[in-house]
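Printed here is final.cif (mmCIF, C-alpha atoms):
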data_upload
#
loop_
_atom_site.group_PDB
_atom_site.id
_atom_site.type_symbol
_atom_site.label_atom_id
_atom_site.label_comp_id
_atom_site.auth_asym_id
_atom_site.auth_seq_id
_atom_site.Cartn_x
_atom_site.Cartn_y
_atom_site.Cartn_z
ATOM 1 C CA MET R 1 0.000 0.000 0.000
ATOM 2 C CA LYS R 2 1.321 3.432 -0.953
ATOM 3 C CA LYS R 3 2.014 5.944 1.816
ATOM 4 C CA ILE R 4 0.963 9.565 1.454
ATOM 5 C CA ILE R 5 1.896 12.592 3.517
ATOM 6 C CA LYS R 6 -1.042 14.273 5.260
ATOM 7 C CA ASN R 7 -0.861 17.670 6.929
ATOM 8 C CA ASN R 8 -2.556 20.264 9.102
ATOM 9 C CA VAL R 9 -0.913 23.310 7.519
ATOM 10 C CA LYS R 10 -4.204 24.982 6.603
ATOM 11 C CA LYS R 11 -5.728 24.295 10.028
ATOM 12 C CA PHE R 12 -2.847 25.875 11.938
ATOM 13 C CA ARG R 13 -2.446 28.719 9.426
ATOM 14 C CA LEU R 14 -6.105 29.688 9.801
ATOM 15 C CA GLU R 15 -5.975 29.365 13.607
ATOM 16 C CA ARG R 16 -3.098 31.858 13.601
ATOM 17 C CA GLN R 17 -4.887 34.131 11.114
ATOM 18 C CA ILE R 18 -2.023 34.018 8.608
ATOM 19 C CA THR R 19 -2.754 34.268 4.873
ATOM 20 C CA GLN R 20 -1.196 31.875 2.384
ATOM 21 C CA GLU R 21 0.733 34.838 0.994
ATOM 22 C CA ASP R 22 2.138 35.846 4.401
ATOM 23 C CA LEU R 23 3.121 32.277 5.243
ATOM 24 C CA ALA R 24 4.759 31.881 1.841
ATOM 25 C CA LEU R 25 6.800 35.062 2.326
ATOM 26 C CA LYS R 26 7.932 33.930 5.781
ATOM 27 C CA VAL R 27 9.193 30.547 4.533
ATOM 28 C CA GLY R 28 10.480 31.693 1.143
ATOM 29 C CA VAL R 29 8.093 29.983 -1.276
ATOM 30 C CA THR R 30 5.180 31.102 -3.462
ATOM 31 C CA ARG R 31 1.579 31.326 -2.340
ATOM 32 C CA GLN R 32 0.826 28.617 -4.893
ATOM 33 C CA THR R 33 3.257 26.262 -3.143
ATOM 34 C CA ILE R 34 1.463 26.776 0.177
ATOM 35 C CA GLY R 35 -1.850 26.062 -1.569
ATOM 36 C CA LEU R 36 -0.511 22.843 -3.058
ATOM 37 C CA ILE R 37 0.887 21.724 0.310
ATOM 38 C CA GLU R 38 -2.478 22.379 1.965
ATOM 39 C CA LYS R 39 -4.240 20.340 -0.752
ATOM 40 C CA GLU R 40 -1.658 17.543 -0.280
ATOM 41 C CA LYS R 41 -0.598 17.847 -3.922
ATOM 42 C CA TYR R 42 3.014 18.740 -3.088
ATOM 43 C CA ASN R 43 5.406 17.112 -0.628
ATOM 44 C CA PRO R 44 7.650 19.801 0.834
ATOM 45 C CA THR R 45 11.312 19.253 1.654
ATOM 46 C CA ILE R 46 12.238 18.573 5.264
ATOM 47 C CA SER R 47 13.754 22.051 5.406
ATOM 48 C CA LEU R 48 10.453 23.613 4.333
ATOM 49 C CA CYS R 49 8.549 21.395 6.792
ATOM 50 C CA LEU R 50 10.779 22.628 9.617
ATOM 51 C CA SER R 51 10.282 26.254 8.558
ATOM 52 C CA LEU R 52 6.511 25.832 8.431
ATOM 53 C CA ALA R 53 6.463 24.196 11.866
ATOM 54 C CA LYS R 54 8.588 26.996 13.326
ATOM 55 C CA ILE R 55 6.432 29.789 11.864
ATOM 56 C CA LEU R 56 3.192 28.041 12.888
ATOM 57 C CA LYS R 57 4.644 27.230 16.364
ATOM 58 C CA VAL R 58 3.845 23.504 16.230
ATOM 59 C CA THR R 59 5.859 20.293 16.103
ATOM 60 C CA LEU R 60 6.510 18.388 12.904
ATOM 61 C CA ASN R 61 4.352 15.577 14.290
ATOM 62 C CA ASP R 62 1.449 17.997 14.737
ATOM 63 C CA LEU R 63 1.896 19.346 11.227
ATOM 64 C CA PHE R 64 2.722 16.271 9.096
ATOM 65 C CA TRP R 65 2.136 12.530 9.266
ATOM 66 C CA GLU R 66 2.219 9.523 6.967
ATOM 67 C CA ASP R 67 -0.988 7.691 6.067
ATOM 68 C CA ASP R 68 -1.958 4.759 3.871
ATOM 69 C CA GLU R 69 -3.463 5.784 0.534
ATOM 70 C CA LYS R 70 -6.999 4.451 0.140
#

Would you mind giving the structure from this file in structure tokens?
Amino acid sequence: MKKIIKNNVKKFRLERQITQEDLALKVGVTRQTIGLIEKEKYNPTISLCLSLAKILKVTLNDLFWEDDEK
């Protein structure tokens, strides 16, 4: 069974009232990249994952996890 990466980026971003554009600027990517991450259409590098977790003030485990594709 294939594993996919799931995430809570949108949940934590909205809780902190940060726009996709602001988050993108803070981590050095485009707004489109943030949108794709939130839709689980793009797997970010570990470096980007760490940056997102730091900006959103959560752990990597809170932000990303691996799940079986259904």

Q: For each of R:Lys26, R:Glu21, R:Lys2, R:Asn7, take the minimum atom-to-atom distance to Ile55 (chain R), counting all atoms listed in the file, then give the residue where this is smallest.
A: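 The answer is R:Lys26, which sits nearest to Ile55 (chain R).
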
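With distances restricted to only C-alpha atoms, R:Gly35 is the closest residue to Gln20 (chain R) from R:Lys6, R:Gly35, R:Val58, R:Leu63.
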
Q.
So that I can see what lies close to Asp67 (chain R), please list as a PyMOL selection string the residues with an atom at most 8 Å from it, counting only C-alpha atoms and leaving out residues fewer than 6 positions away in the same chain.
A. chain R and resi 3-6

Would you mind exporting C-alpha atoms of the selected residues as an mmCIF file, in the coordinates of the input?
data_model
loop_
_atom_site.group_PDB
_atom_site.id
_atom_site.type_symbol
_atom_site.label_atom_id
_atom_site.label_comp_id
_atom_site.auth_asym_id
_atom_site.auth_seq_id
_atom_site.Cartn_x
_atom_site.Cartn_y
_atom_site.Cartn_z
ATOM 1 C CA LYS R 3 2.014 5.944 1.816
ATOM 2 C CA ILE R 4 0.963 9.565 1.454
ATOM 3 C CA ILE R 5 1.896 12.592 3.517
ATOM 4 C CA LYS R 6 -1.042 14.273 5.260
#

Q | Residue among R:Thr59, R:Lys41, R:Ile46, R:Glu69 lying closest to Phe12 (chain R), counting only C-alpha atoms | A |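 That would be R:Thr59, the residue with the smallest distance to Phe12 (chain R).
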
Q. Do you know which residues the PyMOL selection byres ((chain R and resi 23) around 12) returns on this file, as a PyMOL selection string?
A. chain R and resi 9-10+12-14+16-22+24-35+37-38+48+51-56

Include C-alpha atoms and write out the residues we just selected as a tab-separated table (two decimals), in the frame of the given file.
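What follows is the written file result.tsv:
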chain	number	residue	atom	x	y	z
R	9	VAL	CA	-0.91	23.31	7.52
R	10	LYS	CA	-4.20	24.98	6.60
R	12	PHE	CA	-2.85	25.88	11.94
R	13	ARG	CA	-2.45	28.72	9.43
R	14	LEU	CA	-6.10	29.69	9.80
R	16	ARG	CA	-3.10	31.86	13.60
R	17	GLN	CA	-4.89	34.13	11.11
R	18	ILE	CA	-2.02	34.02	8.61
R	19	THR	CA	-2.75	34.27	4.87
R	20	GLN	CA	-1.20	31.88	2.38
R	21	GLU	CA	0.73	34.84	0.99
R	22	ASP	CA	2.14	35.85	4.40
R	24	ALA	CA	4.76	31.88	1.84
R	25	LEU	CA	6.80	35.06	2.33
R	26	LYS	CA	7.93	33.93	5.78
R	27	VAL	CA	9.19	30.55	4.53
R	28	GLY	CA	10.48	31.69	1.14
R	29	VAL	CA	8.09	29.98	-1.28
R	30	THR	CA	5.18	31.10	-3.46
R	31	ARG	CA	1.58	31.33	-2.34
R	32	GLN	CA	0.83	28.62	-4.89
R	33	THR	CA	3.26	26.26	-3.14
R	34	ILE	CA	1.46	26.78	0.18
R	35	GLY	CA	-1.85	26.06	-1.57
R	37	ILE	CA	0.89	21.72	0.31
R	38	GLU	CA	-2.48	22.38	1.96
R	48	LEU	CA	10.45	23.61	4.33
R	51	SER	CA	10.28	26.25	8.56
R	52	LEU	CA	6.51	25.83	8.43
R	53	ALA	CA	6.46	24.20	11.87
R	54	LYS	CA	8.59	27.00	13.33
R	55	ILE	CA	6.43	29.79	11.86
R	56	LEU	CA	3.19	28.04	12.89

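Between CA of Met1 (chain R) and CA of Trp65 (chain R) lies a distance of 15.7 Å.
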
Q: Go ahead and compute the interatomic distance for CA of Cys49 (chain R) and CA of Lys11 (chain R), in Å to one decimal.
A: 14.9 Å
